[in-house]
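K.L.:
Structure file run-v4.pdb (PDB, C-alpha atoms, pLDDT in the B column) is given on the next line.
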ATOM      1  CA  MET A   1     -16.465   2.608  -6.021  1.00 74.00           C
ATOM      2  CA  GLU A   2     -19.360   0.170  -6.313  1.00 84.00           C
ATOM      3  CA  GLU A   3     -18.706  -3.506  -5.634  1.00 87.00           C
ATOM      4  CA  ARG A   4     -20.902  -6.557  -5.363  1.00 90.00           C
ATOM      5  CA  LEU A   5     -22.189  -6.995  -1.839  1.00 92.00           C
ATOM      6  CA  GLN A   6     -20.599 -10.407  -1.315  1.00 88.00           C
ATOM      7  CA  LYS A   7     -17.239  -8.942  -2.321  1.00 84.00           C
ATOM      8  CA  LEU A   8     -17.651  -6.044   0.122  1.00 84.00           C
ATOM      9  CA  ILE A   9     -18.591  -8.347   2.981  1.00 82.00           C
ATOM     10  CA  SER A  10     -15.652 -10.628   2.271  1.00 73.00           C
ATOM     11  CA  ALA A  11     -13.190  -7.734   1.902  1.00 71.00           C
ATOM     12  CA  CYS A  12     -14.322  -6.313   5.234  1.00 72.00           C
ATOM     13  CA  GLY A  13     -13.363  -9.592   6.889  1.00 61.00           C
ATOM     14  CA  LEU A  14     -16.793 -10.783   8.000  1.00 66.00           C
ATOM     15  CA  ALA A  15     -17.150 -13.928   5.925  1.00 65.00           C
ATOM     16  CA  SER A  16     -16.168 -15.719   2.746  1.00 68.00           C
ATOM     17  CA  ARG A  17     -17.960 -14.744  -0.446  1.00 78.00           C
ATOM     18  CA  ARG A  18     -19.966 -17.960  -0.398  1.00 83.00           C
ATOM     19  CA  ALA A  19     -21.098 -17.335   3.179  1.00 80.00           C
ATOM     20  CA  ALA A  20     -21.887 -13.720   2.300  1.00 85.00           C
ATOM     21  CA  GLU A  21     -24.101 -14.899  -0.558  1.00 91.00           C
ATOM     22  CA  GLU A  22     -25.973 -17.130   1.884  1.00 91.00           C
ATOM     23  CA  TRP A  23     -26.446 -14.173   4.241  1.00 91.00           C
ATOM     24  CA  ILE A  24     -27.850 -12.063   1.398  1.00 94.00           C
ATOM     25  CA  THR A  25     -30.237 -14.839   0.333  1.00 94.00           C
ATOM     26  CA  ALA A  26     -31.354 -15.248   3.954  1.00 93.00           C
ATOM     27  CA  GLY A  27     -32.271 -11.563   4.179  1.00 94.00           C
ATOM     28  CA  ARG A  28     -29.577 -10.643   6.688  1.00 92.00           C
ATOM     29  CA  VAL A  29     -28.191  -7.790   4.558  1.00 93.00           C
ATOM     30  CA  THR A  30     -29.797  -4.438   3.750  1.00 94.00           C
ATOM     31  CA  VAL A  31     -28.685  -1.504   1.617  1.00 94.00           C
ATOM     32  CA  ASN A  32     -30.058   1.919   2.516  1.00 95.00           C
ATOM     33  CA  GLY A  33     -32.871   0.280   4.454  1.00 93.00           C
ATOM     34  CA  GLU A  34     -33.926  -2.096   1.670  1.00 94.00           C
ATOM     35  CA  LYS A  35     -33.452  -5.867   1.718  1.00 95.00           C
ATOM     36  CA  ALA A  36     -30.506  -6.809  -0.478  1.00 95.00           C
ATOM     37  CA  HIS A  37     -30.527  -9.381  -3.253  1.00 95.00           C
ATOM     38  CA  LEU A  38     -27.796 -11.357  -4.966  1.00 93.00           C
ATOM     39  CA  GLY A  39     -26.227  -9.215  -7.663  1.00 91.00           C
ATOM     40  CA  ASP A  40     -26.796  -5.936  -5.797  1.00 94.00           C
ATOM     41  CA  ARG A  41     -23.895  -3.522  -5.604  1.00 93.00           C
ATOM     42  CA  ALA A  42     -22.989  -0.789  -3.125  1.00 92.00           C
ATOM     43  CA  ASP A  43     -20.388   1.859  -2.335  1.00 89.00           C
ATOM     44  CA  LEU A  44     -19.439   2.012   1.346  1.00 82.00           C
ATOM     45  CA  ASP A  45     -18.472   5.677   1.022  1.00 82.00           C
ATOM     46  CA  ARG A  46     -22.031   6.458  -0.120  1.00 88.00           C
ATOM     47  CA  ASP A  47     -24.387   3.662   0.920  1.00 90.00           C
ATOM     48  CA  THR A  48     -25.389   2.289   4.311  1.00 91.00           C
ATOM     49  CA  VAL A  49     -24.945  -1.478   4.314  1.00 91.00           C
ATOM     50  CA  LEU A  50     -26.144  -3.399   7.374  1.00 91.00           C
ATOM     51  CA  VAL A  51     -25.418  -7.015   8.224  1.00 88.00           C
ATOM     52  CA  ASP A  52     -27.736  -8.292  10.951  1.00 85.00           C
ATOM     53  CA  GLY A  53     -28.534  -4.641  11.683  1.00 86.00           C
ATOM     54  CA  ARG A  54     -24.907  -3.607  12.162  1.00 80.00           C
ATOM     55  CA  PRO A  55     -23.080  -1.251   9.765  1.00 82.00           C
ATOM     56  CA  LEU A  56     -20.571  -2.840   7.430  1.00 81.00           C
ATOM     57  CA  ARG A  57     -17.238  -1.045   7.685  1.00 72.00           C
ATOM     58  CA  PRO A  58     -13.928  -1.764   5.984  1.00 67.00           C
ATOM     59  CA  GLY A  59     -11.392  -3.052   8.453  1.00 59.00           C
ATOM     60  CA  ASN A  60     -13.956  -3.815  11.155  1.00 59.00           C
ATOM     61  CA  GLY A  61     -13.129  -0.671  13.145  1.00 63.00           C
ATOM     62  CA  ARG A  62      -9.358  -0.758  12.660  1.00 76.00           C
ATOM     63  CA  VAL A  63      -7.347   2.339  11.784  1.00 82.00           C
ATOM     64  CA  TYR A  64      -5.557   2.761   8.439  1.00 87.00           C
ATOM     65  CA  LEU A  65      -3.458   5.808   7.599  1.00 91.00           C
ATOM     66  CA  MET A  66      -1.673   7.009   4.474  1.00 95.00           C
ATOM     67  CA  LEU A  67       1.442   9.062   5.235  1.00 97.00           C
ATOM     68  CA  ASN A  68       3.569  10.955   2.750  1.00 98.00           C
ATOM     69  CA  LYS A  69       6.843  10.212   4.505  1.00 98.00           C
ATOM     70  CA  PRO A  70       9.500  12.886   4.075  1.00 98.00           C
ATOM     71  CA  ARG A  71      13.220  12.268   4.012  1.00 97.00           C
ATOM     72  CA  GLY A  72      14.998  12.481   7.361  1.00 96.00           C
ATOM     73  CA  TYR A  73      12.626  10.225   9.326  1.00 97.00           C
ATOM     74  CA  VAL A  74      13.213   6.592  10.257  1.00 95.00           C
ATOM     75  CA  THR A  75      10.368   4.117   9.832  1.00 94.00           C
ATOM     76  CA  THR A  76      10.138   2.969  13.442  1.00 91.00           C
ATOM     77  CA  LEU A  77       8.072   3.918  16.487  1.00 91.00           C
ATOM     78  CA  SER A  78      11.183   4.773  18.514  1.00 90.00           C
ATOM     79  CA  ASP A  79      14.881   5.153  17.759  1.00 89.00           C
ATOM     80  CA  GLU A  80      17.796   4.476  20.094  1.00 91.00           C
ATOM     81  CA  LYS A  81      19.886   7.081  18.242  1.00 92.00           C
ATOM     82  CA  GLY A  82      17.372   9.824  18.918  1.00 92.00           C
ATOM     83  CA  ARG A  83      16.485  10.341  15.266  1.00 94.00           C
ATOM     84  CA  ARG A  84      13.075  11.599  14.177  1.00 95.00           C
ATOM     85  CA  THR A  85      10.578   8.787  13.554  1.00 96.00           C
ATOM     86  CA  VAL A  86       7.342   8.434  11.601  1.00 96.00           C
ATOM     87  CA  ALA A  87       5.579   8.105  14.965  1.00 93.00           C
ATOM     88  CA  ASP A  88       6.390  11.796  15.496  1.00 94.00           C
ATOM     89  CA  LEU A  89       4.436  12.616  12.335  1.00 94.00           C
ATOM     90  CA  VAL A  90       1.211  10.814  13.352  1.00 91.00           C
ATOM     91  CA  ARG A  91       0.985  11.930  16.971  1.00 87.00           C
ATOM     92  CA  GLY A  92      -2.447  13.344  16.194  1.00 83.00           C
ATOM     93  CA  CYS A  93      -3.833   9.842  15.646  1.00 81.00           C
ATOM     94  CA  PRO A  94      -5.669   8.745  18.841  1.00 73.00           C
ATOM     95  CA  VAL A  95      -4.825   5.055  18.271  1.00 79.00           C
ATOM     96  CA  ARG A  96      -1.395   3.432  18.434  1.00 87.00           C
ATOM     97  CA  VAL A  97      -0.470   2.442  14.887  1.00 90.00           C
ATOM     98  CA  TRP A  98       2.665   0.954  13.392  1.00 94.00           C
ATOM     99  CA  PRO A  99       4.268   1.260   9.941  1.00 95.00           C
ATOM    100  CA  VAL A 100       3.634  -1.452   7.359  1.00 93.00           C
ATOM    101  CA  GLY A 101       7.081  -2.131   5.982  1.00 89.00           C
ATOM    102  CA  ARG A 102       9.904   0.375   5.807  1.00 89.00           C
ATOM    103  CA  LEU A 103      11.232   3.342   3.923  1.00 93.00           C
ATOM    104  CA  ASP A 104      14.821   4.153   4.839  1.00 93.00           C
ATOM    105  CA  LEU A 105      15.956   7.465   6.295  1.00 95.00           C
ATOM    106  CA  ASP A 106      16.685   9.023   2.909  1.00 96.00           C
ATOM    107  CA  SER A 107      13.591   7.684   1.123  1.00 97.00           C
ATOM    108  CA  GLU A 108      10.159   9.267   0.919  1.00 98.00           C
ATOM    109  CA  GLY A 109       6.608   8.714  -0.232  1.00 98.00           C
ATOM    110  CA  LEU A 110       3.773   6.313   0.474  1.00 98.00           C
ATOM    111  CA  LEU A 111       3.833   4.677   3.901  1.00 97.00           C
ATOM    112  CA  LEU A 112       0.886   2.859   5.448  1.00 96.00           C
ATOM    113  CA  LEU A 113       0.335   2.761   9.203  1.00 95.00           C
ATOM    114  CA  THR A 114      -2.285   0.639  10.940  1.00 92.00           C
ATOM    115  CA  ASP A 115      -3.275  -1.302  14.041  1.00 86.00           C
ATOM    116  CA  ASP A 116      -4.382  -4.268  11.906  1.00 84.00           C
ATOM    117  CA  GLY A 117      -1.965  -7.184  12.249  1.00 84.00           C
ATOM    118  CA  THR A 118      -3.750  -9.292   9.632  1.00 80.00           C
ATOM    119  CA  LEU A 119      -3.400  -6.662   6.922  1.00 83.00           C
ATOM    120  CA  THR A 120       0.209  -6.032   7.917  1.00 88.00           C
ATOM    121  CA  HIS A 121       0.980  -9.721   7.401  1.00 85.00           C
ATOM    122  CA  GLN A 122      -0.935  -9.791   4.117  1.00 82.00           C
ATOM    123  CA  LEU A 123       1.044  -6.886   2.687  1.00 86.00           C
ATOM    124  CA  LEU A 124       4.465  -7.940   3.960  1.00 84.00           C
ATOM    125  CA  HIS A 125       4.548 -11.714   3.628  1.00 77.00           C
ATOM    126  CA  PRO A 126       6.604 -12.726   0.563  1.00 73.00           C
ATOM    127  CA  SER A 127       3.977 -15.254  -0.563  1.00 73.00           C
ATOM    128  CA  HIS A 128       1.529 -12.440  -1.383  1.00 74.00           C
ATOM    129  CA  GLN A 129       3.981 -10.600  -3.667  1.00 77.00           C
ATOM    130  CA  VAL A 130       2.404  -7.153  -3.380  1.00 86.00           C
ATOM    131  CA  ASP A 131       3.699  -4.743  -6.029  1.00 91.00           C
ATOM    132  CA  LYS A 132       5.560  -1.657  -4.803  1.00 94.00           C
ATOM    133  CA  GLU A 133       6.337   1.090  -7.292  1.00 96.00           C
ATOM    134  CA  TYR A 134       9.102   3.643  -6.779  1.00 97.00           C
ATOM    135  CA  LEU A 135      10.156   6.719  -8.677  1.00 98.00           C
ATOM    136  CA  VAL A 136      13.939   6.845  -8.639  1.00 98.00           C
ATOM    137  CA  TRP A 137      16.141   9.717  -9.744  1.00 98.00           C
ATOM    138  CA  VAL A 138      19.591   8.443 -10.696  1.00 98.00           C
ATOM    139  CA  ALA A 139      22.897   9.457 -12.241  1.00 97.00           C
ATOM    140  CA  GLY A 140      24.929   7.152 -14.439  1.00 96.00           C
ATOM    141  CA  ASN A 141      24.692   5.170 -17.655  1.00 96.00           C
ATOM    142  CA  VAL A 142      20.989   4.362 -17.788  1.00 95.00           C
ATOM    143  CA  ASN A 143      21.143   2.648 -21.177  1.00 95.00           C
ATOM    144  CA  LYS A 144      23.585   0.129 -19.769  1.00 96.00           C
ATOM    145  CA  ALA A 145      21.717  -0.198 -16.455  1.00 96.00           C
ATOM    146  CA  LEU A 146      18.185  -0.835 -17.744  1.00 96.00           C
ATOM    147  CA  PRO A 147      18.711  -4.418 -18.973  1.00 95.00           C
ATOM    148  CA  ILE A 148      20.529  -5.224 -15.727  1.00 95.00           C
ATOM    149  CA  LEU A 149      17.717  -3.854 -13.543  1.00 95.00           C
ATOM    150  CA  SER A 150      14.990  -5.677 -15.478  1.00 93.00           C
ATOM    151  CA  GLY A 151      16.943  -8.915 -15.805  1.00 92.00           C
ATOM    152  CA  PRO A 152      17.859 -11.648 -13.298  1.00 91.00           C
ATOM    153  CA  MET A 153      19.397 -10.169 -10.139  1.00 93.00           C
ATOM    154  CA  THR A 154      20.388 -11.488  -6.724  1.00 92.00           C
ATOM    155  CA  LEU A 155      20.720  -9.884  -3.301  1.00 91.00           C
ATOM    156  CA  ASP A 156      22.148 -11.613  -0.242  1.00 89.00           C
ATOM    157  CA  GLY A 157      22.543 -14.746  -2.347  1.00 89.00           C
ATOM    158  CA  GLU A 158      18.822 -14.882  -3.158  1.00 89.00           C
ATOM    159  CA  ALA A 159      17.339 -14.527  -6.623  1.00 91.00           C
ATOM    160  CA  LEU A 160      14.993 -11.578  -6.967  1.00 90.00           C
ATOM    161  CA  ALA A 161      11.663 -11.623  -8.758  1.00 88.00           C
ATOM    162  CA  PRO A 162      12.083  -9.675 -12.017  1.00 90.00           C
ATOM    163  CA  ALA A 163      11.513  -5.948 -11.592  1.00 93.00           C
ATOM    164  CA  GLN A 164       9.446  -3.845 -13.965  1.00 95.00           C
ATOM    165  CA  VAL A 165      11.510  -0.827 -15.004  1.00 96.00           C
ATOM    166  CA  ARG A 166      10.389   2.112 -17.128  1.00 95.00           C
ATOM    167  CA  ARG A 167      12.427   5.115 -18.116  1.00 94.00           C
ATOM    168  CA  GLY A 168      11.020   8.554 -17.438  1.00 93.00           C
ATOM    169  CA  ARG A 169      12.304  12.068 -18.048  1.00 92.00           C
ATOM    170  CA  ASP A 170      15.941  13.099 -18.244  1.00 92.00           C
ATOM    171  CA  SER A 171      17.109  16.509 -17.066  1.00 91.00           C
ATOM    172  CA  GLY A 172      20.635  17.812 -16.669  1.00 90.00           C
ATOM    173  CA  GLY A 173      22.210  14.395 -16.341  1.00 91.00           C
ATOM    174  CA  VAL A 174      19.554  13.177 -13.893  1.00 96.00           C
ATOM    175  CA  HIS A 175      17.383  10.298 -15.103  1.00 96.00           C
ATOM    176  CA  GLN A 176      13.995   9.318 -13.674  1.00 97.00           C
ATOM    177  CA  LEU A 177      13.025   5.656 -13.517  1.00 97.00           C
ATOM    178  CA  SER A 178       9.904   3.827 -12.407  1.00 97.00           C
ATOM    179  CA  VAL A 179      10.894   0.609 -10.627  1.00 97.00           C
ATOM    180  CA  THR A 180       8.260  -1.902  -9.483  1.00 96.00           C
ATOM    181  CA  ILE A 181       9.293  -4.777  -7.230  1.00 94.00           C
ATOM    182  CA  ARG A 182       7.445  -7.584  -5.441  1.00 88.00           C
ATOM    183  CA  GLN A 183       9.860  -8.176  -2.606  1.00 84.00           C
ATOM    184  CA  GLY A 184      10.951  -5.995   0.257  1.00 79.00           C
ATOM    185  CA  LYS A 185      14.592  -6.617   1.022  1.00 85.00           C
ATOM    186  CA  ASN A 186      16.467  -3.986   2.994  1.00 87.00           C
ATOM    187  CA  ARG A 187      17.187  -0.988   0.712  1.00 92.00           C
ATOM    188  CA  GLN A 188      16.397  -3.238  -2.239  1.00 94.00           C
ATOM    189  CA  VAL A 189      15.925  -0.635  -4.969  1.00 96.00           C
ATOM    190  CA  ARG A 190      19.023   1.303  -3.912  1.00 96.00           C
ATOM    191  CA  ARG A 191      21.130  -1.868  -3.897  1.00 95.00           C
ATOM    192  CA  MET A 192      19.757  -2.958  -7.276  1.00 96.00           C
ATOM    193  CA  CYS A 193      20.690   0.411  -8.749  1.00 97.00           C
ATOM    194  CA  ALA A 194      24.164   0.179  -7.234  1.00 97.00           C
ATOM    195  CA  GLN A 195      24.644  -3.235  -8.872  1.00 96.00           C
ATOM    196  CA  ALA A 196      23.645  -1.668 -12.185  1.00 96.00           C
ATOM    197  CA  GLY A 197      26.187   1.130 -11.780  1.00 97.00           C
ATOM    198  CA  LEU A 198      23.715   3.902 -10.926  1.00 97.00           C
ATOM    199  CA  GLU A 199      23.855   6.467  -8.127  1.00 97.00           C
ATOM    200  CA  VAL A 200      20.468   7.052  -6.492  1.00 97.00           C
ATOM    201  CA  LEU A 201      19.827  10.748  -5.900  1.00 97.00           C
ATOM    202  CA  ARG A 202      16.228  10.495  -4.745  1.00 97.00           C
ATOM    203  CA  LEU A 203      13.793   7.628  -4.116  1.00 98.00           C
ATOM    204  CA  LYS A 204      10.042   7.936  -3.630  1.00 98.00           C
ATOM    205  CA  ARG A 205       7.459   5.156  -3.207  1.00 97.00           C
ATOM    206  CA  VAL A 206       4.292   6.052  -5.093  1.00 97.00           C
ATOM    207  CA  ARG A 207       2.209   2.860  -5.070  1.00 96.00           C
ATOM    208  CA  GLU A 208       1.621  -0.265  -3.007  1.00 93.00           C
ATOM    209  CA  GLY A 209      -0.681  -2.873  -4.510  1.00 89.00           C
ATOM    210  CA  GLY A 210      -3.597  -0.972  -6.003  1.00 90.00           C
ATOM    211  CA  LEU A 211      -3.135   2.016  -3.683  1.00 93.00           C
ATOM    212  CA  SER A 212      -1.352   5.121  -4.986  1.00 96.00           C
ATOM    213  CA  LEU A 213       0.043   8.019  -2.995  1.00 97.00           C
ATOM    214  CA  ASP A 214      -2.383  10.926  -2.692  1.00 95.00           C
ATOM    215  CA  ARG A 215      -0.571  13.721  -4.510  1.00 94.00           C
ATOM    216  CA  SER A 216      -2.387  16.350  -2.448  1.00 95.00           C
ATOM    217  CA  LEU A 217      -0.593  15.146   0.698  1.00 95.00           C
ATOM    218  CA  LYS A 218       2.448  17.285   1.373  1.00 96.00           C
ATOM    219  CA  PRO A 219       5.548  15.621   2.870  1.00 96.00           C
ATOM    220  CA  GLY A 220       4.816  14.845   6.511  1.00 96.00           C
ATOM    221  CA  GLN A 221       1.031  14.937   6.087  1.00 95.00           C
ATOM    222  CA  TRP A 222      -1.277  11.955   6.640  1.00 94.00           C
ATOM    223  CA  ARG A 223      -4.937  11.053   6.451  1.00 91.00           C
ATOM    224  CA  PRO A 224      -7.133   7.975   6.998  1.00 87.00           C
ATOM    225  CA  LEU A 225      -7.723   5.701   4.044  1.00 86.00           C
ATOM    226  CA  THR A 226     -11.155   5.865   2.454  1.00 81.00           C
ATOM    227  CA  GLY A 227     -13.281   2.753   2.236  1.00 75.00           C
ATOM    228  CA  ASP A 228     -12.502   2.405  -1.465  1.00 77.00           C
ATOM    229  CA  GLU A 229      -8.768   2.707  -0.828  1.00 85.00           C
ATOM    230  CA  LEU A 230      -8.864   0.049   1.861  1.00 82.00           C
ATOM    231  CA  LEU A 231     -10.657  -2.300  -0.489  1.00 78.00           C
ATOM    232  CA  LEU A 232      -7.815  -1.826  -2.973  1.00 82.00           C
ATOM    233  CA  LEU A 233      -5.549  -3.390  -0.344  1.00 81.00           C
ATOM    234  CA  THR A 234      -7.849  -6.005   1.174  1.00 67.00           C
ATOM    235  CA  GLY A 235     -10.329  -6.894  -1.541  1.00 53.00           C
ATOM    236  CA  PRO A 236      -9.981  -9.660  -4.137  1.00 43.00           C
ATOM    237  CA  LEU A 237      -8.693  -8.579  -7.520  1.00 34.00           C
ATOM    238  CA  SER A 238     -11.782  -9.585  -9.448  1.00 33.00           C
ATOM    239  CA  ASP A 239     -15.399 -10.658  -9.070  1.00 36.00           C
ATOM    240  CA  SER A 240     -14.668 -14.191 -10.253  1.00 30.00           C
TER     241      SER A 240
END
As structure tokens, how would this structure be written, given the file I've shared?
P.N.:
Amino acid sequence: MEERLQKLISACGLASRRAAEEWITAGRVTVNGEKAHLGDRADLDRDTVLVDGRPLRPGNGRVYLMLNKPRGYVTTLSDEKGRRTVADLVRGCPVRVWPVGRLDLDSEGLLLLTDDGTLTHQLLHPSHQVDKEYLVWVAGNVNKALPILSGPMTLDGEALAPAQVRRGRDSGGVHQLSVTIRQGKNRQVRRMCAQAGLEVLRLKRVREGGLSLDRSLKPGQWRPLTGDELLLLTGPLSDS
């Protein structure tokens, strides 16, 4: 995915956009061996971008993994109860990484792991309000539950940001919902559904921010994020 050079440099954590523009004007940036100019665009998965002769890389050498977490694993690096953890699934990674946020034992889907503390804070801190989308299979009176789920709700005495809820397919008394939230309270979607009178049968996270779960990843499989995918998490939302 092509982006303006100043946006790429900023998203990779080297400098602000304004400083990046000054670097480009000063001739400190090249693309595929050619001096860059303001307005040039590049794709880090295809082009070689150098800043002061050094390759520009998303994350500045950090490690970022996408895991399709299966049910039956806890989202910790170790567990005092001896349960299986997501660390068991990424043993092939040569760098120690930690999970960004949690998916409970019975939940599945998109889980990010990294050794980047800055990105972890950016994705988890409530002030950033990163969208998280879940597919939820439920039983119960969905018609009655939908206005409750999308309306004002509270958990632990705290008002929740309104959720975006869409109804999907129904099959044999099982209803599929898409629920998007901006907070990350413990078992939030399950507890919201319980308040609305629904029983959760299955819960799968499919998106975090602009990053969607790779459908080719089978449960338990992982892979590094591409440069474009990392920019979906770290880059500004627009060129303005």
K.L.:
Run through the PyMOL selection byres ((chain A and resi 41) around 10) on the given coordinates and return the selected residues as a count of residues only.
P.N.:
18
K.L.:
Identify, on the basis of all atoms listed in the file, every residue whose closest approach to Asp106 in chain A does not exceed 9 Å; exclude the query and any residue fewer than 6 positions from it along the same chain; express the result as a VMD selection string.
P.N.:
chain A and resid 70 to 74 202 to 203
K.L.:
Could you tell me which of A:Lys132, A:Lys204, A:Arg28, A:Arg223 comes closest to Thr180 in chain A if we count all atoms listed in the file?
P.N.:
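Distance minimum relative to Thr180 in chain A lands on A:Lys132.
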K.L.:
Determine the residue set returned by the PyMOL selection byres ((chain A and resi 136) around 12) for the present structure, and present it as a ChimeraX atom specification.
P.N.:
/A:107-109,133-135,137-139,142,165-170,174-180,189-190,192-193,198-206
K.L.:
List the residues sitting within 12 Å of (19.7, -5.2, -15.6) in the file's frame, using all atoms listed in the file, as JSON, numbers by chain.
P.N.:
{"A": [141, 142, 143, 144, 145, 146, 147, 148, 149, 150, 151, 152, 153, 154, 160, 162, 163, 164, 165, 166, 179, 192, 193, 194, 195, 196, 197, 198]}
K.L.:
Would you mind reading off the distance between CA of Tyr64 in chain A and CA of Leu50 in chain A, one decimal, in Å?
P.N.:
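Between CA of Tyr64 in chain A and CA of Leu50 in chain A the gap works out to 21.5 Å.
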K.L.:
Can you work out which one of A:Thr76, A:Gln129, A:Thr118, A:Ser10 has the shortest atom-to-atom distance to Gln183 in chain A, counting all atoms listed in the file?
P.N.:
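Counting all atoms listed in the file, the residue closest to Gln183 in chain A is A:Gln129.
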